[in-house]
file protein-v9.cif (mmCIF, C-alpha atoms)
data_structure
#
loop_
_atom_site.label_atom_id
_atom_site.label_comp_id
_atom_site.auth_asym_id
_atom_site.auth_seq_id
_atom_site.Cartn_x
_atom_site.Cartn_y
_atom_site.Cartn_z
CA MET T 1 139.51 36.83 184.28
CA ASP T 2 141.93 39.52 185.26
CA VAL T 3 141.44 43.24 184.89
CA ASN T 4 143.51 43.49 181.71
CA GLU T 5 141.47 40.81 179.90
CA LYS T 6 138.23 42.47 180.97
CA THR T 7 139.46 45.82 179.66
CA MET T 8 140.46 44.29 176.31
CA ILE T 9 137.00 42.66 175.90
CA GLU T 10 135.27 45.97 176.67
CA GLU T 11 137.49 47.75 174.17
CA ASP T 12 136.65 45.14 171.50
CA LEU T 13 132.92 45.47 172.23
CA GLY T 14 133.23 49.25 172.06
CA ALA T 15 135.07 49.06 168.74
CA ASP T 16 132.43 46.68 167.34
CA ARG T 17 129.67 49.03 168.46
CA ILE T 18 131.41 52.00 166.81
CA ARG T 19 131.92 50.04 163.58
CA PHE T 20 128.24 48.99 163.65
CA ILE T 21 127.15 52.59 164.09
CA GLN T 22 129.48 53.76 161.31
CA ASN T 23 128.24 51.03 158.97
CA ALA T 24 124.64 51.85 159.82
CA LEU T 25 125.21 55.54 159.12
CA GLU T 26 126.97 54.83 155.83
CA TYR T 27 124.12 52.51 154.84
CA ALA T 28 121.54 55.12 155.77
CA LEU T 29 123.34 57.85 153.84
CA THR T 30 123.72 55.58 150.82
CA LEU T 31 120.03 54.72 150.81
CA GLY T 32 119.13 58.36 151.35
CA ASP T 33 121.26 59.73 148.52
CA PHE T 34 118.99 60.75 145.61
CA GLN T 35 121.48 63.08 143.93
CA LYS T 36 121.85 60.79 140.92
CA GLU T 37 118.11 60.84 140.37
CA VAL T 38 117.96 64.62 140.76
CA ASN T 39 120.83 65.15 138.32
CA GLY T 40 119.19 62.82 135.83
CA GLU T 41 116.12 63.65 133.77
CA CYS T 42 113.66 61.87 136.04
CA THR T 43 110.31 62.84 137.57
CA PRO T 44 108.98 62.93 141.14
CA GLU T 45 107.20 59.67 140.32
CA ASP T 46 110.57 58.09 139.45
CA VAL T 47 112.00 59.20 142.80
CA ALA T 48 108.96 57.76 144.58
CA GLN T 49 109.48 54.43 142.78
CA GLU T 50 113.15 54.32 143.77
CA THR T 51 112.30 55.30 147.36
CA VAL T 52 109.98 52.32 147.82
CA LYS T 53 112.69 49.97 146.54
CA ARG T 54 115.24 51.33 149.03
CA ILE T 55 112.83 51.11 151.95
CA ALA T 56 112.20 47.45 151.09
CA ARG T 57 115.89 46.79 151.81
CA ILE T 58 115.54 47.70 155.49
CA MET T 59 111.90 46.92 156.32
CA GLN T 60 109.43 44.29 155.18
CA PHE T 61 105.83 45.23 154.28
CA ASP T 62 102.96 43.21 152.84
CA SER T 63 102.15 46.29 150.79
CA CYS T 64 103.28 49.90 150.74
CA GLY T 65 102.90 53.01 148.70
CA ILE T 66 103.77 56.67 148.37
CA TYR T 67 101.25 59.47 148.01
CA LEU T 68 102.55 62.70 146.45
CA VAL T 69 101.06 66.18 146.85
CA ASP T 70 99.56 67.55 143.63
CA GLU T 71 101.19 70.92 142.85
CA GLN T 72 98.00 72.38 141.43
CA THR T 73 95.33 71.14 143.87
CA SER T 74 97.46 70.22 146.94
CA ASP T 75 95.58 66.89 147.07
CA LEU T 76 97.32 63.60 147.86
CA HIS T 77 97.36 61.11 144.98
CA ILE T 78 98.94 57.67 144.98
CA SER T 79 102.13 57.67 142.89
CA VAL T 80 103.58 54.20 143.47
CA CYS T 81 102.20 51.02 144.99
CA LEU T 82 103.89 47.68 145.77
CA PRO T 83 102.63 45.22 144.83
CA ASP T 84 100.48 46.65 142.02
CA ASN T 85 97.38 44.69 143.06
CA ALA T 86 97.42 46.25 146.55
CA ARG T 87 96.25 49.67 145.36
CA VAL T 88 92.61 49.13 146.38
CA SER T 89 93.48 47.98 149.91
CA LEU T 90 95.93 50.88 150.36
CA GLU T 91 93.34 53.39 149.18
CA ASP T 92 90.84 51.88 151.63
CA GLU T 93 93.27 52.16 154.54
CA MET T 94 94.15 55.72 153.48
CA SER T 95 90.49 56.76 153.56
CA PHE T 96 90.19 55.21 157.05
CA MET T 97 93.23 57.15 158.30
CA ILE T 98 92.02 60.44 156.82
CA ASP T 99 88.52 60.06 158.29
CA ASN T 100 89.91 59.30 161.75
CA GLY T 101 92.46 62.13 161.79
CA PHE T 102 95.54 59.92 161.67
CA VAL T 103 96.91 61.64 158.55
CA ALA T 104 96.53 65.04 160.23
CA TRP T 105 98.31 63.59 163.26
CA ALA T 106 101.21 62.35 161.12
CA ILE T 107 101.46 65.75 159.43
CA ARG T 108 101.73 67.47 162.81
CA GLU T 109 104.34 64.98 164.02
CA ARG T 110 106.47 65.20 160.86
CA ARG T 111 107.85 61.70 161.67
CA TRP T 112 106.66 58.12 161.70
CA ILE T 113 103.64 56.87 163.58
CA THR T 114 102.30 53.32 163.90
CA LEU T 115 98.63 52.41 164.32
CA ASN T 116 96.21 49.55 163.86
CA SER T 117 94.69 48.82 160.46
CA LYS T 118 91.02 49.42 159.70
CA ASP T 119 90.03 45.88 160.78
CA GLY T 120 92.54 45.87 163.67
CA SER T 121 94.35 42.77 162.38
CA ARG T 122 97.64 44.38 161.43
CA LYS T 123 99.90 47.35 162.08
CA LEU T 124 100.26 50.33 159.75
CA LEU T 125 103.19 52.67 159.37
CA LEU T 126 102.48 56.26 158.38
CA HIS T 127 105.34 58.65 157.64
CA VAL T 128 105.09 62.17 156.24
CA MET T 129 107.51 63.12 153.46
CA ALA T 130 108.47 66.72 154.20
CA THR T 131 111.20 69.22 153.46
CA TYR T 132 112.03 72.28 155.49
CA SER T 133 109.54 74.36 153.48
CA ARG T 134 106.57 72.08 152.88
CA ILE T 135 105.03 68.61 152.83
CA ARG T 136 105.71 66.68 149.62
CA GLY T 137 103.97 63.37 150.27
CA LEU T 138 103.12 60.49 152.54
CA PHE T 139 104.48 56.95 152.91
CA VAL T 140 102.04 54.21 153.94
CA GLY T 141 103.14 50.67 154.82
CA ILE T 142 101.15 47.63 155.98
CA PHE T 143 103.24 45.27 158.12
CA PRO T 144 102.89 41.50 157.80
CA SER T 145 100.64 39.81 160.38
CA GLN T 146 103.57 38.23 162.23
CA THR T 147 105.96 41.16 162.49
CA SER T 148 108.75 41.16 164.96
CA LYS T 149 109.73 44.45 166.50
CA TYR T 150 112.01 46.52 164.27
CA PRO T 151 115.02 48.23 165.84
CA ASP T 152 114.79 51.97 166.18
CA THR T 153 117.67 52.36 163.73
CA SER T 154 115.45 50.98 160.95
CA PHE T 155 112.94 53.76 161.54
CA GLU T 156 115.74 56.34 161.64
CA ILE T 157 117.05 55.10 158.32
CA LEU T 158 113.49 55.17 156.94
CA SER T 159 113.22 58.82 158.02
CA ILE T 160 116.53 59.68 156.33
CA ILE T 161 115.42 58.02 153.09
CA LEU T 162 112.03 59.78 153.05
CA ARG T 163 113.51 63.17 154.03
CA ASN T 164 116.11 63.03 151.27
CA ALA T 165 113.54 61.72 148.79
CA SER T 166 111.36 64.74 149.66
CA ASN T 167 114.30 67.08 149.09
CA GLY T 168 115.00 65.35 145.77
CA ILE T 169 111.38 65.70 144.66
CA GLU T 170 111.38 69.36 145.66
CA SER T 171 114.58 69.95 143.71
CA LEU T 172 113.03 68.35 140.64
CA ILE T 173 109.88 70.44 140.95
CA TYR T 174 111.83 73.67 141.41
CA SER T 175 114.19 72.77 138.55
CA SER T 176 111.20 72.16 136.30
CA MET T 177 109.67 75.49 137.34
CA ILE T 178 112.96 77.29 136.68
CA ARG T 179 113.29 75.64 133.25
CA GLU T 180 109.75 76.65 132.34
CA GLN T 181 110.34 80.20 133.53
CA LYS T 182 113.62 80.31 131.64
CA LEU T 183 111.95 79.12 128.44
CA GLY T 184 109.16 81.64 128.97
CA LEU T 185 111.66 84.45 129.52
CA GLU T 186 113.69 83.39 126.48
CA LYS T 187 110.57 83.42 124.32
CA GLU T 188 109.56 86.80 125.73
CA VAL T 189 113.04 88.23 125.13
CA GLU T 190 113.01 86.83 121.60
CA GLN T 191 109.59 88.34 120.96
CA LYS T 192 110.60 91.71 122.41
CA THR T 193 113.79 91.65 120.34
CA ARG T 194 111.80 91.02 117.17
CA GLN T 195 109.45 93.85 118.12
CA LEU T 196 112.38 96.22 118.75
CA VAL T 197 113.93 95.32 115.39
CA HIS T 198 110.53 95.81 113.74
CA TYR T 199 110.00 99.18 115.45
CA GLU T 200 113.52 100.26 114.58
CA LYS T 201 112.89 99.48 110.91
CA GLN T 202 109.57 101.32 111.13
CA LEU T 203 111.27 104.31 112.73
CA LEU T 204 113.94 104.44 110.02
CA GLN T 205 111.28 104.10 107.34
CA ALA T 206 109.16 106.80 108.99
CA GLN T 207 112.14 109.14 109.13
CA ASN T 208 112.88 108.52 105.45
CA MET T 209 109.21 108.97 104.58
CA GLU T 210 109.04 112.23 106.54
CA THR T 211 112.04 113.54 104.65
CA VAL T 212 110.52 112.60 101.32
CA ALA T 213 107.15 113.97 102.45
CA ALA T 214 108.71 117.36 103.19
CA LEU T 215 110.31 117.32 99.75
CA ALA T 216 107.03 116.23 98.13
CA SER T 217 105.17 119.00 99.91
CA GLY T 218 107.54 121.68 98.62
CA VAL T 219 107.51 120.26 95.09
CA ALA T 220 103.71 120.00 95.11
CA HIS T 221 103.24 123.65 96.13
CA GLN T 222 105.70 124.94 93.55
CA PHE T 223 104.35 122.61 90.91
CA ASN T 224 100.75 123.61 91.66
CA ASN T 225 101.60 127.32 91.41
CA ALA T 226 103.28 126.80 88.05
CA LEU T 227 100.36 124.63 86.92
CA GLN T 228 97.85 127.36 87.76
CA VAL T 229 99.81 129.87 85.69
CA LEU T 230 100.01 127.38 82.82
CA MET T 231 96.29 126.61 82.93
CA GLY T 232 95.43 130.33 83.04
CA SER T 233 97.69 131.05 80.09
CA ILE T 234 96.17 128.21 78.05
CA ASP T 235 92.65 129.44 78.84
CA LEU T 236 93.57 132.97 77.70
CA THR T 237 95.25 131.63 74.58
CA SER T 238 92.11 129.58 73.80
CA MET T 239 89.96 132.73 74.06
CA ILE T 240 92.28 134.70 71.74
CA ALA T 241 92.57 131.87 69.23
CA GLU T 242 88.86 131.14 68.89
CA ASP T 243 89.10 131.68 65.17
CA SER T 244 92.20 129.52 64.75
CA PRO T 245 91.14 125.82 64.71
CA GLU T 246 94.72 124.69 64.19
CA ILE T 247 95.87 126.42 67.37
CA LEU T 248 92.85 125.17 69.34
CA LYS T 249 93.64 121.62 68.19
CA TYR T 250 97.10 121.81 69.74
CA LEU T 251 95.76 123.44 72.88
CA ALA T 252 93.17 120.66 73.27
CA ARG T 253 95.95 118.10 73.36
CA THR T 254 97.42 119.79 76.40
CA ARG T 255 94.30 119.47 78.55
CA PRO T 256 94.62 115.68 79.33
CA ILE T 257 98.26 116.29 80.19
CA ILE T 258 97.30 119.15 82.51
CA GLU T 259 94.71 116.88 84.20
CA GLN T 260 97.38 114.22 84.75
CA MET T 261 99.70 116.84 86.20
CA SER T 262 96.92 118.14 88.46
CA ASN T 263 96.20 114.59 89.65
CA LEU T 264 99.90 114.05 90.34
CA THR T 265 99.97 117.25 92.38
CA GLY T 266 96.99 116.04 94.39
CA GLN T 267 98.74 112.74 95.07
CA LEU T 268 101.88 114.51 96.19
CA THR T 269 99.87 116.68 98.55
CA SER T 270 98.01 113.69 99.96
CA TYR T 271 101.24 111.79 100.46
CA ALA T 272 102.78 114.76 102.24
CA ARG T 273 99.78 114.62 104.61
CA GLU T 274 98.89 118.19 103.98
CA GLY T 275 95.66 117.52 102.15
CA THR T 276 92.75 119.22 103.90
CA TYR T 277 89.37 117.62 104.41
CA ILE T 278 87.05 119.17 101.89
CA ALA T 279 83.80 117.67 103.16
CA ASN T 280 84.43 115.76 106.34
CA GLN T 281 81.21 113.91 107.20
CA VAL T 282 79.81 110.88 108.97
CA VAL T 283 78.67 108.31 106.42
CA SER T 284 77.69 104.66 106.53
CA VAL T 285 79.99 102.08 105.01
CA LYS T 286 77.21 101.24 102.56
CA SER T 287 76.95 104.84 101.33
CA LEU T 288 80.72 105.09 101.12
CA LEU T 289 80.94 102.10 98.78
CA ILE T 290 77.86 102.99 96.73
CA ASP T 291 79.25 106.47 96.05
CA SER T 292 82.61 104.95 95.11
CA LEU T 293 81.38 102.14 92.85
CA PRO T 294 81.18 104.24 89.62
CA SER T 295 84.85 105.24 89.82
CA ILE T 296 85.79 101.71 90.97
CA ASN T 297 84.00 100.09 88.02
CA ASN T 298 85.82 102.43 85.64
CA SER T 299 89.12 101.22 87.09
CA ILE T 300 88.72 97.52 86.30
CA LYS T 301 88.74 95.42 83.15
CA GLU T 302 85.60 93.75 81.82
CA THR T 303 87.17 90.36 82.53
CA VAL T 304 87.46 91.12 86.24
CA LYS T 305 84.48 90.26 88.44
CA LEU T 306 83.78 92.67 91.32
CA SER T 307 81.81 91.57 94.41
CA VAL T 308 80.85 93.46 97.58
CA ASP T 309 80.11 91.89 100.97
CA LEU T 310 79.15 94.20 103.85
CA ALA T 311 78.97 92.61 107.29
CA ASP T 312 77.08 95.57 108.81
CA GLU T 313 75.81 98.28 106.49
CA SER T 314 74.76 100.61 109.32
CA VAL T 315 78.28 101.15 110.71
CA THR T 316 79.48 104.71 110.13
CA VAL T 317 82.85 106.41 109.70
CA ASP T 318 83.92 110.06 109.82
CA VAL T 319 85.78 110.64 106.53
CA ASP T 320 86.38 112.86 103.56
CA LEU T 321 84.51 111.04 100.77
CA ILE T 322 86.71 112.32 97.95
CA GLN T 323 89.96 111.31 99.62
CA ILE T 324 88.69 107.88 100.71
CA GLN T 325 87.41 107.30 97.16
CA THR T 326 90.93 108.15 95.97
CA VAL T 327 92.31 105.46 98.31
CA MET T 328 89.84 102.81 97.12
CA THR T 329 90.47 103.65 93.48
CA ALA T 330 94.24 103.34 93.99
CA ILE T 331 93.85 99.94 95.66
CA ILE T 332 91.40 98.64 93.04
CA THR T 333 93.63 99.90 90.21
CA ASN T 334 96.61 98.00 91.61
CA ALA T 335 94.46 94.88 92.05
CA ASN T 336 93.18 95.18 88.48
CA GLU T 337 96.71 95.49 87.10
CA ALA T 338 97.80 92.41 89.10
CA ILE T 339 95.15 90.30 87.29
CA VAL T 340 96.63 89.37 83.92
CA ASP T 341 93.60 87.96 82.08
CA SER T 342 90.50 87.28 84.12
CA GLY T 343 89.98 87.20 87.86
CA SER T 344 88.02 88.59 90.75
CA ILE T 345 88.16 91.41 93.28
CA ARG T 346 86.17 91.19 96.50
CA ILE T 347 85.41 94.16 98.75
CA SER T 348 84.23 93.40 102.28
CA SER T 349 83.77 95.27 105.53
CA ARG T 350 83.51 94.33 109.18
CA LEU T 351 83.36 96.08 112.52
CA LEU T 352 86.27 95.23 114.81
CA PHE T 353 86.23 95.97 118.52
CA TRP T 354 89.63 96.83 120.01
CA ASN T 355 90.24 93.41 121.59
CA ALA T 356 89.62 91.72 118.19
CA ILE T 357 92.21 93.78 116.29
CA PRO T 358 95.44 91.82 115.58
CA GLU T 359 98.31 92.64 117.95
CA ASN T 360 100.64 93.65 115.11
CA ILE T 361 98.09 96.30 114.05
CA LYS T 362 97.26 97.69 117.49
CA GLY T 363 100.65 99.37 117.75
CA GLU T 364 99.74 101.59 114.79
CA LEU T 365 96.30 102.66 116.08
CA VAL T 366 94.74 104.60 118.91
CA PRO T 367 92.62 102.30 121.13
CA GLY T 368 89.01 102.16 119.97
CA ASP T 369 86.66 100.40 117.58
CA TYR T 370 87.45 100.29 113.87
CA VAL T 371 85.87 99.49 110.53
CA CYS T 372 88.06 97.24 108.41
CA LEU T 373 87.61 97.52 104.63
CA SER T 374 89.27 94.58 102.88
CA PHE T 375 90.14 94.42 99.17
CA GLU T 376 91.03 90.89 98.04
CA ASP T 377 92.19 89.89 94.55
CA ASN T 378 93.43 86.66 93.01
CA GLY T 379 96.11 88.34 90.93
CA SER T 380 99.82 87.65 90.67
CA GLY T 381 100.64 88.86 94.18
CA MET T 382 103.85 90.54 95.37
CA ASP T 383 107.23 89.32 96.52
CA GLY T 384 108.72 90.37 99.85
CA ASN T 385 110.74 93.27 98.47
CA THR T 386 107.76 94.77 96.62
CA LEU T 387 105.56 94.36 99.69
CA ARG T 388 108.10 96.16 101.91
CA ARG T 389 108.42 99.07 99.48
CA LEU T 390 104.75 99.30 98.51
CA PHE T 391 104.16 102.64 100.23
CA GLU T 392 107.41 104.28 99.18
CA PRO T 393 106.82 107.26 96.91
CA PHE T 394 107.98 106.87 93.31
CA TYR T 395 108.46 103.11 93.74
CA SER T 396 106.68 101.10 91.06
CA THR T 397 107.04 97.71 89.40
CA LYS T 398 105.30 99.08 86.28
CA PHE T 399 107.20 100.68 83.44
CA ILE T 400 104.65 103.47 83.18
CA GLY T 401 103.26 105.39 86.13
CA ARG T 402 104.95 107.22 88.95
CA GLY T 403 104.31 104.87 91.86
CA LEU T 404 102.55 107.53 93.94
CA SER T 405 99.05 106.05 94.29
CA MET T 406 99.68 103.78 97.31
CA ALA T 407 101.97 106.35 98.93
CA ALA T 408 99.17 108.89 98.60
CA ALA T 409 96.67 106.34 99.93
CA SER T 410 98.88 105.76 102.98
CA GLY T 411 99.06 109.51 103.64
CA ILE T 412 95.28 109.87 103.40
CA ILE T 413 94.53 106.96 105.73
CA ASN T 414 97.09 108.19 108.26
CA ARG T 415 95.40 111.59 108.19
CA HIS T 416 92.17 109.76 109.06
CA HIS T 417 93.97 108.16 112.06
CA GLY T 418 93.76 104.75 110.40
CA TRP T 419 96.16 102.20 108.99
CA ILE T 420 96.71 100.13 105.85
CA HIS T 421 97.95 96.56 106.20
CA VAL T 422 98.79 94.44 103.15
CA GLU T 423 99.12 90.66 102.90
CA SER T 424 100.43 89.20 99.66
CA GLU T 425 102.23 86.20 98.24
CA MET T 426 103.50 85.52 94.76
CA GLY T 427 100.94 83.60 92.74
CA LYS T 428 98.30 83.74 95.49
CA GLY T 429 96.94 87.26 95.25
CA THR T 430 96.78 90.20 97.64
CA ILE T 431 94.58 91.39 100.49
CA VAL T 432 94.62 95.06 101.51
CA HIS T 433 93.04 95.87 104.90
CA VAL T 434 92.12 99.50 105.50
CA TYR T 435 91.38 100.33 109.16
CA LEU T 436 89.26 103.43 109.78
CA PRO T 437 88.04 104.62 113.19
CA LYS T 438 84.35 103.95 113.77
CA SER T 439 82.47 107.19 114.31
CA PRO T 440 80.94 107.72 117.78
#
call {"tool": "encode", "arguments": {"input": "protein-v9.cif", "output": "C-alpha cells"}}
result
Amino acid sequence: MDVNEKTMIEEDLGADRIRFIQNALEYALTLGDFQKEVNGECTPEDVAQETVKRIARIMQFDSCGIYLVDEQTSDLHISVCLPDNARVSLEDEMSFMIDNGFVAWAIRERRWITLNSKDGSRKLLLHVMATYSRIRGLFVGIFPSQTSKYPDTSFEILSIILRNASNGIESLIYSSMIREQKLGLEKEVEQKTRQLVHYEKQLLQAQNMETVAALASGVAHQFNNALQVLMGSIDLTSMIAEDSPEILKYLARTRPIIEQMSNLTGQLTSYAREGTYIANQVVSVKSLLIDSLPSINNSIKETVKLSVDLADESVTVDVDLIQIQTVMTAIITNANEAIVDSGSIRISSRLLFWNAIPENIKGELVPGDYVCLSFEDNGSGMDGNTLRRLFEPFYSTKFIGRGLSMAAASGIINRHHGWIHVESEMGKGTIVHVYLPKSP
C-alpha cells in the first residue's frame, strides 16, 4: 500500500467518524427536544412519560422510572414507571438508595452514577434531573442481568434528554404559575374596577345628596319659622274666638295639617343631618324595641303579623331614642305598605364583631363592633331602580306622601355613625339592615 492509498483510507475513516459524531449529535438533540410538549397543554407528568420512551430508544432497562419533586413539599414521588408492575421493586430500590446515601451522592454529582442493586445481582443507573436553578426529579433504571457495556455516548445522550426534560418541566411549572398569577391579577383588577365604579357612583350620589341636604336645611329653617308664626296666630285666634263655635270648628281643622307640616319639617331637618340629639343615652336593644313597639304597632295593619327576635338583649347602643324610633317607624311603615293583604314583619337583632361584618358594608363604617337591627317583610319587594333611589329625598312610588321618610332615616343613622343596607327583590320581600355602633 503506497502513501497515497493510506492517506485516502485515513481520510475516509476520518469522514466516517465525523459523520457518526454529527449523526449522534443530531439524534441526541432530537431526543432532547421537548419544545413541542412545552408548547402544548401538557403536564410535567406527560413530559416524564415521554422522557422514559425516548430513553428506551438508546438504552435497555428491565424497569425504569422517573421521580418528580413535589412543588409543595419538595418530596420525591414516582411519576412514571415502566413496566407498570415494576413500581413496587423500584420503590424498594429507591428506599435502599436513600438509606445508603446514594441519592444524596447523585444529587451532589448532578450526573449519572451506577451502583449495585439492593441484592447485588444487577446494576442500577441513577441520574438527577436538574436545571440551572434547581433539581426537578430523578431517573432510576435497573439494567438487565446480562448487560453489555454501553458506550459513553449513550450516557451523554441520556444526560441531554434528562437535562432538556428538566428544563421543559420547569417551563411548564413556571408557565402554570404565571397563568395563575395572571388570572389572579385579572380578577383583582376586575374587582378593584368594580369597586372604583361603585365608589364613583357613591361619590356622585353623595354630592347630589349634600346639595339637596343644604337646600332641605334652608327650606326647613324658613318653613319652621313660618310654621311657628302660623301656630302662634292660630292659638291667639282661638283665644279671641272662644265664643264663636263656627270659627273654632274651622281652626280645629287646621291642627292636623299643622302637625303634618311640623312632622315634614322634622324629616327635612333629620335628612339634612342637622337634627340635634335631644336625649342621647345608652340603652339596651331590648329597651329600645320595647319603647318603640307602641308606635310600631300603630303603623301596621291588623292583617300583618309582627314578631321580634333578639339574639342578645343585653347589648347596648348610644342613641337618641326619639330619632331611632322615627327610623324604625319609617321602615315599618314602608314594610306595611308593601304588604297588600296579609303578611308578616320580623324584627331581629344581633351583635356583629368587625371581622363578621360584610366587606361591602365595612367601607361605610368606622372599625368596631356593631348591633345590626334587621326588619324583614314578605311584601311585594322593590325593583332595582326603586332600590337605588330609596334614600333620595322626595322620591316615592306612592301617589300620596312626600318620599322623605327613608331619606330622613338615612340622615339619622348617618348622624349615629351607622349605616342602612337594603336587600330587596320583586315578589320576594325586603330586608332592611340598620347598623349601629355598639356602646363601649
call {"tool": "resolve_selection", "arguments": {"input": "protein-v9.cif", "expression": "the PyMOL selection byres ((chain T and resi 377) around 8)", "output": "list in words"}}
result
Ala335, Ile339, Gly343, Ser344, Ile345, Arg346, Phe375, Glu376, Asn378, Gly379, Gly429, Thr430 and Ile431 of chain T
call {"tool": "resolve_selection", "arguments": {"input": "protein-v9.cif", "expression": "the PyMOL selection byres ((chain T and resi 284-301) around 9)", "output": "VMD selection string"}}
result
chain T and resid 282 to 283 302 to 306 308 310 312 to 318 321 to 322 324 to 326 328 to 330 332 to 333 335 to 337 341 to 342 349 371 373
call {"tool": "write_last_selection", "arguments": {"input": "protein-v9.cif", "atoms": "C-alpha atoms", "output": "PDB file, in the frame of the given file"}}
result
ATOM      1  CA  VAL T 282      79.810 110.880 108.970  1.00  0.00           C
ATOM      2  CA  VAL T 283      78.670 108.310 106.420  1.00  0.00           C
ATOM      3  CA  GLU T 302      85.600  93.750  81.820  1.00  0.00           C
ATOM      4  CA  THR T 303      87.170  90.360  82.530  1.00  0.00           C
ATOM      5  CA  VAL T 304      87.460  91.120  86.240  1.00  0.00           C
ATOM      6  CA  LYS T 305      84.480  90.260  88.440  1.00  0.00           C
ATOM      7  CA  LEU T 306      83.780  92.670  91.320  1.00  0.00           C
ATOM      8  CA  VAL T 308      80.850  93.460  97.580  1.00  0.00           C
ATOM      9  CA  LEU T 310      79.150  94.200 103.850  1.00  0.00           C
ATOM     10  CA  ASP T 312      77.080  95.570 108.810  1.00  0.00           C
ATOM     11  CA  GLU T 313      75.810  98.280 106.490  1.00  0.00           C
ATOM     12  CA  SER T 314      74.760 100.610 109.320  1.00  0.00           C
ATOM     13  CA  VAL T 315      78.280 101.150 110.710  1.00  0.00           C
ATOM     14  CA  THR T 316      79.480 104.710 110.130  1.00  0.00           C
ATOM     15  CA  VAL T 317      82.850 106.410 109.700  1.00  0.00           C
ATOM     16  CA  ASP T 318      83.920 110.060 109.820  1.00  0.00           C
ATOM     17  CA  LEU T 321      84.510 111.040 100.770  1.00  0.00           C
ATOM     18  CA  ILE T 322      86.710 112.320  97.950  1.00  0.00           C
ATOM     19  CA  ILE T 324      88.690 107.880 100.710  1.00  0.00           C
ATOM     20  CA  GLN T 325      87.410 107.300  97.160  1.00  0.00           C
ATOM     21  CA  THR T 326      90.930 108.150  95.970  1.00  0.00           C
ATOM     22  CA  MET T 328      89.840 102.810  97.120  1.00  0.00           C
ATOM     23  CA  THR T 329      90.470 103.650  93.480  1.00  0.00           C
ATOM     24  CA  ALA T 330      94.240 103.340  93.990  1.00  0.00           C
ATOM     25  CA  ILE T 332      91.400  98.640  93.040  1.00  0.00           C
ATOM     26  CA  THR T 333      93.630  99.900  90.210  1.00  0.00           C
ATOM     27  CA  ALA T 335      94.460  94.880  92.050  1.00  0.00           C
ATOM     28  CA  ASN T 336      93.180  95.180  88.480  1.00  0.00           C
ATOM     29  CA  GLU T 337      96.710  95.490  87.100  1.00  0.00           C
ATOM     30  CA  ASP T 341      93.600  87.960  82.080  1.00  0.00           C
ATOM     31  CA  SER T 342      90.500  87.280  84.120  1.00  0.00           C
ATOM     32  CA  SER T 349      83.770  95.270 105.530  1.00  0.00           C
ATOM     33  CA  VAL T 371      85.870  99.490 110.530  1.00  0.00           C
ATOM     34  CA  LEU T 373      87.610  97.520 104.630  1.00  0.00           C
TER      35      LEU T 373
END
call {"tool": "residues_near_point", "arguments": {"input": "protein-v9.cif", "point": "(97.8, 105.3, 102.2)", "cutoff": "10 Å", "atoms": "only C-alpha atoms", "output": "list in words"}}
result
Ser270, Tyr271, Arg273, Ile324, Thr326, Val327, Met328, Ala330, Ile331, Leu390, Phe391, Leu404, Ser405, Met406, Ala407, Ala408, Ala409, Ser410, Gly411, Ile412, Ile413, Asn414, Arg415, His416, Gly418, Trp419, Ile420, His421 and Val434 of chain T
call {"tool": "residues_around", "arguments": {"input": "protein-v9.cif", "residues": "segment 113-123 of chain T", "least_positions_apart": "4", "cutoff": "9 Å", "atoms": "all atoms listed in the file", "output": "PyMOL selection string"}}
result
chain T and resi 92-93+96-97+102+105-106+109+127+141-147
call {"tool": "residues_around", "arguments": {"input": "protein-v9.cif", "residues": "Trp354 of chain T", "least_positions_apart": "6", "cutoff": "12 Å", "atoms": "all atoms listed in the file", "output": "ChimeraX atom specification"}}
result
/T:361-363,365-372,435,437-438
call {"tool": "closest_residue", "arguments": {"input": "protein-v9.cif", "among": "T:Ser79, T:Pro358, T:Gly137, T:Ser154", "to": "Ala56 of chain T", "atoms": "all atoms listed in the file"}}
result
T:Ser154
call {"tool": "atom_distance", "arguments": {"input": "protein-v9.cif", "atom1": "atom CA of Asn164 of chain T", "atom2": "atom CA of Ile66 of chain T"}}
result
14.2 Å
call {"tool": "atom_distance", "arguments": {"input": "protein-v9.cif", "atom1": "atom CA of His433 of chain T", "atom2": "atom CA of Thr193 of chain T"}}
result
26.2 Å
call {"tool": "atom_distance", "arguments": {"input": "protein-v9.cif", "atom1": "atom CA of Ala165 of chain T", "atom2": "atom CA of Ala48 of chain T"}}
result
7.4 Å
call {"tool": "closest_residue", "arguments": {"input": "protein-v9.cif", "among": "T:Ile173, T:Val422, T:Leu230, T:Ala241", "to": "Thr254 of chain T", "atoms": "all atoms listed in the file"}}
result
T:Leu230
call {"tool": "residues_around", "arguments": {"input": "protein-v9.cif", "residues": "Met231 of chain T", "least_positions_apart": "5", "cutoff": "9 Å", "atoms": "all atoms listed in the file", "output": "ChimeraX atom specification"}}
result
/T:226,236,255,258
call {"tool": "axis_aligned_box", "arguments": {"input": "protein-v9.cif", "around": "segment 376-382 of chain T", "padding_each_side": "8 Å", "output": "JSON"}}
result
{"center_x": 97.4, "center_y": 88.8, "center_z": 94.4, "size_x": 28.8, "size_y": 20.2, "size_z": 23.4}
call {"tool": "closest_residue", "arguments": {"input": "protein-v9.cif", "among": "T:Leu172, T:Ala252, T:Cys64, T:Ile58", "to": "Leu126 of chain T", "atoms": "all atoms listed in the file"}}
result
T:Cys64
call {"tool": "resolve_selection", "arguments": {"input": "protein-v9.cif", "expression": "the PyMOL selection byres ((chain T and resi 132) around 10)", "output": "PyMOL selection string"}}
result
chain T and resi 130-131+133-135+163+166-167
call {"tool": "build_atoms", "arguments": {"input": "protein-v9.cif", "residues": "segment 136-140 of chain T", "atoms": "N, CA and C atoms", "output": "mmCIF file, in the coordinates of the input"}}
result
data_model
loop_
_atom_site.group_PDB
_atom_site.id
_atom_site.type_symbol
_atom_site.label_atom_id
_atom_site.label_comp_id
_atom_site.auth_asym_id
_atom_site.auth_seq_id
_atom_site.Cartn_x
_atom_site.Cartn_y
_atom_site.Cartn_z
ATOM 1 N N ARG T 136 105.664 67.134 151.006
ATOM 2 C CA ARG T 136 105.710 66.680 149.620
ATOM 3 C C ARG T 136 104.964 65.378 149.384
ATOM 4 N N GLY T 137 104.659 64.622 150.474
ATOM 5 C CA GLY T 137 103.970 63.370 150.270
ATOM 6 C C GLY T 137 103.784 62.595 151.558
ATOM 7 N N LEU T 138 103.414 61.330 151.395
ATOM 8 C CA LEU T 138 103.120 60.490 152.540
ATOM 9 C C LEU T 138 103.459 59.042 152.189
ATOM 10 N N PHE T 139 104.179 58.370 153.101
ATOM 11 C CA PHE T 139 104.480 56.950 152.910
ATOM 12 C C PHE T 139 103.542 56.132 153.789
ATOM 13 N N VAL T 140 102.936 55.092 153.214
ATOM 14 C CA VAL T 140 102.040 54.210 153.940
ATOM 15 C C VAL T 140 102.548 52.776 153.774
#
